[in-house]
Amino acid sequence: MHSGRRKALQGAGGLAVMGLMAAAGLLRPTAARAEWNKEAFTTKSFADAVKAMGGSQPTESHDILINSPDIAENGAVVPFTISSKVPNTQSIALLVEKNPNILAADFEIPQGTEPWINTRVKMGQTSRVIALVKAGDKYYYNAKEVKVTLGGCGG
Amino acid sequence: MNPIQRAVSLVCAACALAAFGVHAQSSTEQEIEKYRQQVGEENPAELWEMRGEALWKQPRGPKHASLEQCDIGLGPGVVKGAYTVLPKYFADTGKVQDLESRLVTCMETLQGLTREEATKNHFGSGPKRSPMEALVAYITSESRGIPMHVSVSRPEEKEAYEIGKKMFFYRAGPHDFACATCHGHPNLRIRLQDLPNLTDPKDAQRAYTTWPGYRVSQGEVRTMQHRLNDCYRQQRFPEPGYASDAVTALTMYLAVNANGGKYNGPAVKR
Amino acid sequence: MADPMKIRARMEGDLVEVKVLMAHEMETGLRKDSSGKLVPAWFIQNVTATCNGKTVLAAEWGPAVSKNPFLSFRFRGGKPGDKVAISWVDNHGDKRTDEATIS
């Protein structure tokens, strides 16, 4: 449905509608530009996710810090703070290896924004959690295991 | 210790030993504590508080009136600190009322809603929002930092307290359970959950002043009535009626036990 | 109509720290309701944050982000009184934009 809507918007008629909506203040340019990498969000493995995000062979880096509790009481809400000391960090993605789809979220870090993100994700079960950083045309990652005492996917 | 408590603590001790060993158990507790602290720092209940404040001020019902003139304990329109004096006796209804019961009264008298309309959808679920949960979140949040000081100076209030106390210790049902079975003794737990001893002021304060709460497991704000219903369900009792005198009485007993504790809700709960 | 976000933006030294709570179900599409039927996926896909016309964060989310999402980030170049705007779009095409003033 979403990709269909986007296709419609890419057509000439779509652009006219978008122009009208923007003029009416209904649509911000940033929202209209939004892309969603469906391929990456349907992958199951780390390698496939990295590939779908346009990278390959990420290097392990301890300049990426993952701060979270080692044990989550409830997998429905697991807090993570990810920060990167990798120079020129352009994006930070959070992946949960044993979730039905591995990629949870991908944050683009523009110039002037700290490579630092605090958010919360669901974990279906105990899993390795990976933070993936893009810097230039290189990809780096770090990982940690988080134990879940109660799964967070409606169980 | 009665046999049920002994069984509860034995089972718990056995799980703990089997799964982690005694030493590892303490680091597990520390990590769970770290988890609770981090989750508690940013509370989605704030979304309910925001919605509740808008609902409080929004004209609704056949009389097209807001709730801003509602007396929830400290006089018409006073929200700040009002939760810390509830439940209390209200002369206009001639009854002791808790927050949820009092809000129903105001929806009836000020907004002209029927009781049925006022209590409809009292426990929300996803996009089916509950106005009551939002209002309760807003009103309780306005009492943060203020000590509980619930009065039993009127005979009606004293009576509610005594009835609540009876309910707390009343053992029945297929499991021969009372509230007190889990919450009337020190140092009990179920798996990783410490069970507060609600007859002890310190435990009662900590428990009572953090409800209502955002339930991480449900992604919803739940009120004190919802919490009490959960206890009755676990005792295999029928659920008490919404905003009923029975719930007010039990709440009265718990609130008085928590007197002196600084209110600190809505909190985050598991 | 989606419910408003709760946004806080305040100076921390020369950085602006933004904290956002969003009201959204974030349904995975894998959960069954009480009658055993799958609840369709319904989740925020894109989040953007702007300050003074400049994008300060852009995110793509999957359904694994928790219900009623929380997000915090920090950027340079804002000052007290400036406005930070956050927008999200979900997979139904529903959207919401809210603003907060940096304190």
# chains A, B, ... in the order shown; residues from 1 in each chain; ligands from 1
$ interface_residues --of "chain C" --to "chain A" --cutoff "7 Å" --atoms "only C-alpha atoms" --output "list in words"
Arg31, Gln45, Asn46, Thr48, Val56, Leu57, Ala58, Ala59, Glu60, Trp61, Gly62, Ala64, Val65, Ser66, Pro69, Phe70, Leu71, Ser72, Phe73, Arg74, Phe75, Arg76, Ser87, Asn91, His92 and Gly93 of chain C
$ interface_residues --of "chain C" --to "chain B" --cutoff "7 Å" --atoms "only C-alpha atoms" --output "number ranges by chain"
C: 6, 21, 23, 25, 67-68
$ closest_atom_pairs --of "chain B" --to "chain A" --cutoff "8 Å" --atoms "only C-alpha atoms" --output "CSV"
residue,atom,partner,partner_atom,distance
B:Thr28,CA,A:Ile71,CA,7.3
B:Glu31,CA,A:Ile71,CA,5.7
B:Ile32,CA,A:Ile71,CA,6.0
B:Lys34,CA,A:Pro69,CA,6.0
B:Tyr35,CA,A:Pro69,CA,5.2
B:Arg36,CA,A:Glu73,CA,7.8
B:Gln38,CA,A:Pro79,CA,6.8
B:Val39,CA,A:Pro79,CA,6.6
B:Val216,CA,A:Val77,CA,6.6
B:Ser217,CA,A:Ala76,CA,6.4
B:Arg270,CA,A:Asn74,CA,7.0
$ write_last_selection --atoms "N, CA and C atoms" --output "compact mmCIF listing (two decimals), in the first residue's frame"
# COMPACT_ATOMS: atom_id res chain seq x y z
N THR B 28 21.48 -10.91 38.50
CA THR B 28 20.24 -10.88 37.72
C THR B 28 19.34 -9.78 38.25
N GLU B 31 20.56 -6.40 37.19
CA GLU B 31 20.29 -6.09 35.79
C GLU B 31 18.81 -5.78 35.57
N ILE B 32 17.94 -6.54 36.25
CA ILE B 32 16.51 -6.26 36.14
C ILE B 32 16.21 -4.88 36.72
N LYS B 34 18.28 -2.39 36.73
CA LYS B 34 18.79 -1.44 35.72
C LYS B 34 17.75 -1.29 34.60
N TYR B 35 17.18 -2.43 34.20
CA TYR B 35 16.14 -2.39 33.16
C TYR B 35 14.97 -1.54 33.61
N ARG B 36 14.49 -1.79 34.83
CA ARG B 36 13.32 -1.06 35.33
C ARG B 36 13.61 0.43 35.41
N GLN B 38 15.83 2.19 33.61
CA GLN B 38 15.92 2.81 32.28
C GLN B 38 14.54 2.96 31.65
N VAL B 39 13.70 1.94 31.80
CA VAL B 39 12.35 2.02 31.23
C VAL B 39 11.53 3.08 31.95
N VAL B 216 4.02 -1.97 30.72
CA VAL B 216 4.89 -2.28 29.58
C VAL B 216 4.35 -3.47 28.80
N SER B 217 3.80 -4.46 29.54
CA SER B 217 3.32 -5.68 28.89
C SER B 217 2.07 -5.42 28.04
N ARG B 270 5.50 -3.44 35.06
CA ARG B 270 5.89 -4.50 34.13
C ARG B 270 4.76 -4.84 33.19
$ residues_around --residues "Asp90 in chain C" --least-positions-apart "4" --cutoff "8 Å" --atoms "only C-alpha atoms" --output "list in words"
Trp42, Phe43, Ile44, Gln45, Asn46, Asp94 and Lys95 of chain C
$ residues_around --residues "range 136-149 of chain B" --least-positions-apart "3" --cutoff "9 Å" --atoms "only C-alpha atoms" --output "PyMOL selection string"
chain B and resi 45-46+48-53+56+79-86+99-100+103+131-133+205+209+211-213+221-223+255-256+258-266
$ write_last_selection --atoms "C-alpha atoms" --output "short mmCIF file (atom, residue, chain, number, x, y, z; two decimals), in the first residue's frame"
data_model
loop_
_atom_site.label_atom_id
_atom_site.label_comp_id
_atom_site.auth_asym_id
_atom_site.auth_seq_id
_atom_site.Cartn_x
_atom_site.Cartn_y
_atom_site.Cartn_z
CA ALA B 45 2.05 7.58 30.41
CA GLU B 46 2.85 11.20 29.57
CA TRP B 48 -2.16 9.79 28.50
CA GLU B 49 -1.54 12.74 30.81
CA MET B 50 -1.53 15.09 27.82
CA ARG B 51 -4.74 13.58 26.43
CA GLY B 52 -6.34 13.64 29.86
CA GLU B 53 -5.62 17.33 30.37
CA TRP B 56 -10.59 17.67 31.35
CA VAL B 79 -6.56 19.37 40.40
CA LYS B 80 -3.18 20.01 42.03
CA GLY B 81 -2.74 17.62 44.95
CA ALA B 82 -6.34 16.38 44.83
CA TYR B 83 -5.37 12.73 44.35
CA THR B 84 -3.50 12.69 47.67
CA VAL B 85 -6.73 13.16 49.69
CA LEU B 86 -8.68 10.41 47.90
CA LEU B 99 -11.00 9.19 41.84
CA GLU B 100 -12.66 7.00 39.22
CA LEU B 103 -15.11 11.33 37.84
CA PRO B 131 -11.22 8.73 28.41
CA MET B 132 -11.16 7.55 32.04
CA GLU B 133 -7.57 6.25 31.88
CA GLN B 205 3.65 3.74 50.26
CA THR B 209 2.11 6.00 45.20
CA TRP B 211 -0.30 3.59 40.64
CA PRO B 212 -1.79 4.18 38.11
CA GLY B 213 0.98 2.92 35.86
CA VAL B 221 -1.97 3.12 31.30
CA ARG B 222 -3.91 1.14 33.91
CA THR B 223 -5.78 2.63 36.84
CA ALA B 255 -4.47 4.55 50.60
CA VAL B 256 -4.58 5.03 54.38
CA ALA B 258 0.23 4.53 52.32
CA ASN B 259 -0.34 7.85 54.12
CA GLY B 260 2.80 9.96 54.36
CA GLY B 261 4.30 8.51 51.18
CA LYS B 262 5.09 11.03 48.45
CA TYR B 263 2.91 10.44 45.43
CA ASN B 264 5.03 9.51 42.41
CA GLY B 265 2.76 8.25 39.65
CA PRO B 266 1.82 7.40 37.03
#
$ residues_around --residues "Glu117 in chain B" --least-positions-apart "5" --cutoff "12 Å" --atoms "only C-alpha atoms" --output "count of residues only"
13
$ atom_distance --atom1 "CA of His24 in chain C" --atom2 "CA of Thr97 in chain C"
13.3 Å
$ select_by_dssp --residues "range 82-217 of chain B" --states "strand (DSSP E or B)" --output "MDAnalysis selection string"
chainID B and resid 88:90 95:97 125 128 147 172 177 188:190 193:195 213:215
$ atom_distance --atom1 "CA of Asp203 in chain B" --atom2 "CA of Leu188 in chain B"
11.8 Å
$ select_by_dssp --residues "range 127-222 of chain B" --states "alpha helix (DSSP H)" --output "mmCIF file with N, CA and C atoms, in the first residue's frame"
data_model
loop_
_atom_site.group_PDB
_atom_site.id
_atom_site.type_symbol
_atom_site.label_atom_id
_atom_site.label_comp_id
_atom_site.auth_asym_id
_atom_site.auth_seq_id
_atom_site.Cartn_x
_atom_site.Cartn_y
_atom_site.Cartn_z
ATOM 1 N N PRO B 131 -11.309 7.379 27.860
ATOM 2 C CA PRO B 131 -11.216 8.730 28.409
ATOM 3 C C PRO B 131 -10.858 8.676 29.896
ATOM 4 N N MET B 132 -11.384 7.671 30.601
ATOM 5 C CA MET B 132 -11.155 7.552 32.038
ATOM 6 C C MET B 132 -9.672 7.373 32.349
ATOM 7 N N GLU B 133 -8.996 6.483 31.616
ATOM 8 C CA GLU B 133 -7.570 6.247 31.877
ATOM 9 C C GLU B 133 -6.752 7.518 31.639
ATOM 10 N N ALA B 134 -7.138 8.286 30.605
ATOM 11 C CA ALA B 134 -6.405 9.522 30.305
ATOM 12 C C ALA B 134 -6.644 10.557 31.406
ATOM 13 N N LEU B 135 -7.907 10.711 31.821
ATOM 14 C CA LEU B 135 -8.238 11.671 32.883
ATOM 15 C C LEU B 135 -7.520 11.313 34.182
ATOM 16 N N VAL B 136 -7.546 10.038 34.521
ATOM 17 C CA VAL B 136 -6.892 9.593 35.758
ATOM 18 C C VAL B 136 -5.382 9.846 35.681
ATOM 19 N N ALA B 137 -4.786 9.589 34.511
ATOM 20 C CA ALA B 137 -3.341 9.830 34.350
ATOM 21 C C ALA B 137 -3.030 11.304 34.558
ATOM 22 N N TYR B 138 -3.860 12.174 33.980
ATOM 23 C CA TYR B 138 -3.623 13.618 34.120
ATOM 24 C C TYR B 138 -3.769 14.060 35.571
ATOM 25 N N ILE B 139 -4.873 13.669 36.194
ATOM 26 C CA ILE B 139 -5.155 14.150 37.555
ATOM 27 C C ILE B 139 -4.105 13.639 38.545
ATOM 28 N N THR B 140 -3.749 12.363 38.436
ATOM 29 C CA THR B 140 -2.755 11.832 39.371
ATOM 30 C C THR B 140 -1.398 12.493 39.145
ATOM 31 N N SER B 141 -1.057 12.781 37.878
ATOM 32 C CA SER B 141 0.255 13.391 37.601
ATOM 33 C C SER B 141 0.367 14.761 38.269
ATOM 34 N N PRO B 155 -17.132 9.402 60.059
ATOM 35 C CA PRO B 155 -17.540 8.003 60.267
ATOM 36 C C PRO B 155 -17.685 7.235 58.954
ATOM 37 N N GLU B 156 -18.151 7.914 57.898
ATOM 38 C CA GLU B 156 -18.305 7.240 56.595
ATOM 39 C C GLU B 156 -16.941 6.778 56.066
ATOM 40 N N GLU B 157 -15.922 7.622 56.303
ATOM 41 C CA GLU B 157 -14.572 7.286 55.827
ATOM 42 C C GLU B 157 -13.985 6.139 56.647
ATOM 43 N N LYS B 158 -14.213 6.197 57.951
ATOM 44 C CA LYS B 158 -13.740 5.135 58.836
ATOM 45 C C LYS B 158 -14.404 3.802 58.455
ATOM 46 N N GLU B 159 -15.689 3.884 58.137
ATOM 47 C CA GLU B 159 -16.428 2.674 57.755
ATOM 48 C C GLU B 159 -15.857 2.083 56.459
ATOM 49 N N ALA B 160 -15.609 2.967 55.471
ATOM 50 C CA ALA B 160 -15.034 2.487 54.204
ATOM 51 C C ALA B 160 -13.701 1.795 54.461
ATOM 52 N N TYR B 161 -12.884 2.408 55.337
ATOM 53 C CA TYR B 161 -11.586 1.832 55.664
ATOM 54 C C TYR B 161 -11.751 0.435 56.267
ATOM 55 N N GLU B 162 -12.682 0.311 57.215
ATOM 56 C CA GLU B 162 -12.881 -0.983 57.887
ATOM 57 C C GLU B 162 -13.389 -2.042 56.905
ATOM 58 N N ILE B 163 -14.296 -1.646 56.021
ATOM 59 C CA ILE B 163 -14.787 -2.601 55.009
ATOM 60 C C ILE B 163 -13.640 -3.026 54.090
ATOM 61 N N GLY B 164 -12.827 -2.055 53.676
ATOM 62 C CA GLY B 164 -11.675 -2.349 52.816
ATOM 63 C C GLY B 164 -10.715 -3.320 53.478
ATOM 64 N N LYS B 165 -10.501 -3.103 54.782
ATOM 65 C CA LYS B 165 -9.603 -3.976 55.540
ATOM 66 C C LYS B 165 -10.149 -5.402 55.576
ATOM 67 N N LYS B 166 -11.466 -5.513 55.811
ATOM 68 C CA LYS B 166 -12.107 -6.842 55.809
ATOM 69 C C LYS B 166 -11.908 -7.516 54.463
ATOM 70 N N MET B 167 -12.118 -6.745 53.390
ATOM 71 C CA MET B 167 -11.965 -7.309 52.040
ATOM 72 C C MET B 167 -10.544 -7.792 51.813
ATOM 73 N N PHE B 168 -9.582 -7.036 52.336
ATOM 74 C CA PHE B 168 -8.173 -7.361 52.117
ATOM 75 C C PHE B 168 -7.814 -8.711 52.733
ATOM 76 N N PHE B 169 -8.408 -8.991 53.887
ATOM 77 C CA PHE B 169 -8.079 -10.249 54.593
ATOM 78 C C PHE B 169 -9.083 -11.368 54.328
ATOM 79 N N CYS B 179 -6.350 -11.162 49.427
ATOM 80 C CA CYS B 179 -5.324 -10.184 49.018
ATOM 81 C C CYS B 179 -4.093 -10.388 49.888
ATOM 82 N N ALA B 180 -4.376 -10.614 51.198
ATOM 83 C CA ALA B 180 -3.308 -10.715 52.190
ATOM 84 C C ALA B 180 -2.408 -11.931 51.970
ATOM 85 N N THR B 181 -2.877 -12.934 51.247
ATOM 86 C CA THR B 181 -2.045 -14.122 51.017
ATOM 87 C C THR B 181 -0.745 -13.717 50.330
ATOM 88 N N CYS B 182 -0.856 -12.832 49.330
ATOM 89 C CA CYS B 182 0.336 -12.367 48.610
ATOM 90 C C CYS B 182 0.879 -11.067 49.174
ATOM 91 N N HIS B 183 -0.012 -10.231 49.704
ATOM 92 C CA HIS B 183 0.396 -8.860 50.034
ATOM 93 C C HIS B 183 0.263 -8.529 51.519
ATOM 94 N N PRO B 201 3.702 0.095 56.256
ATOM 95 C CA PRO B 201 3.621 1.436 55.661
ATOM 96 C C PRO B 201 4.641 1.671 54.543
ATOM 97 N N LYS B 202 5.875 1.210 54.729
ATOM 98 C CA LYS B 202 6.912 1.479 53.729
ATOM 99 C C LYS B 202 6.564 0.835 52.381
ATOM 100 N N ASP B 203 6.205 -0.445 52.427
ATOM 101 C CA ASP B 203 5.821 -1.160 51.209
ATOM 102 C C ASP B 203 4.547 -0.563 50.603
ATOM 103 N N ALA B 204 3.590 -0.265 51.483
ATOM 104 C CA ALA B 204 2.307 0.264 51.001
ATOM 105 C C ALA B 204 2.508 1.600 50.303
ATOM 106 N N GLN B 205 3.368 2.439 50.876
ATOM 107 C CA GLN B 205 3.649 3.740 50.255
ATOM 108 C C GLN B 205 4.260 3.564 48.882
ATOM 109 N N ARG B 206 5.268 2.671 48.818
ATOM 110 C CA ARG B 206 5.956 2.485 47.536
ATOM 111 C C ARG B 206 4.994 1.959 46.479
ATOM 112 N N ALA B 207 4.128 1.045 46.858
ATOM 113 C CA ALA B 207 3.207 0.450 45.878
ATOM 114 C C ALA B 207 2.103 1.434 45.500
ATOM 115 N N TYR B 208 1.441 1.996 46.503
ATOM 116 C CA TYR B 208 0.261 2.822 46.230
ATOM 117 C C TYR B 208 0.617 4.093 45.467
#
$ atom_distance --atom1 "CA of Arg102 in chain B" --atom2 "CA of Ser153 in chain B"
19.3 Å
$ residues_around --residues "Lys57 in chain B" --least-positions-apart "3" --cutoff "6 Å" --atoms "only C-alpha atoms" --output "list in words"
Ala54, Ser66 and Glu68 of chain B
$ write_last_selection --atoms "N, CA and C atoms" --output "compact mmCIF listing (two decimals), in the first residue's frame"
# COMPACT_ATOMS: atom_id res chain seq x y z
N ALA B 54 -6.39 17.57 28.07
CA ALA B 54 -7.26 18.11 27.02
C ALA B 54 -8.72 17.70 27.27
N SER B 66 -17.22 21.19 30.29
CA SER B 66 -15.96 20.54 30.61
C SER B 66 -16.04 20.02 32.04
N GLU B 68 -13.91 21.03 34.26
CA GLU B 68 -13.08 21.97 35.03
C GLU B 68 -13.70 22.41 36.35
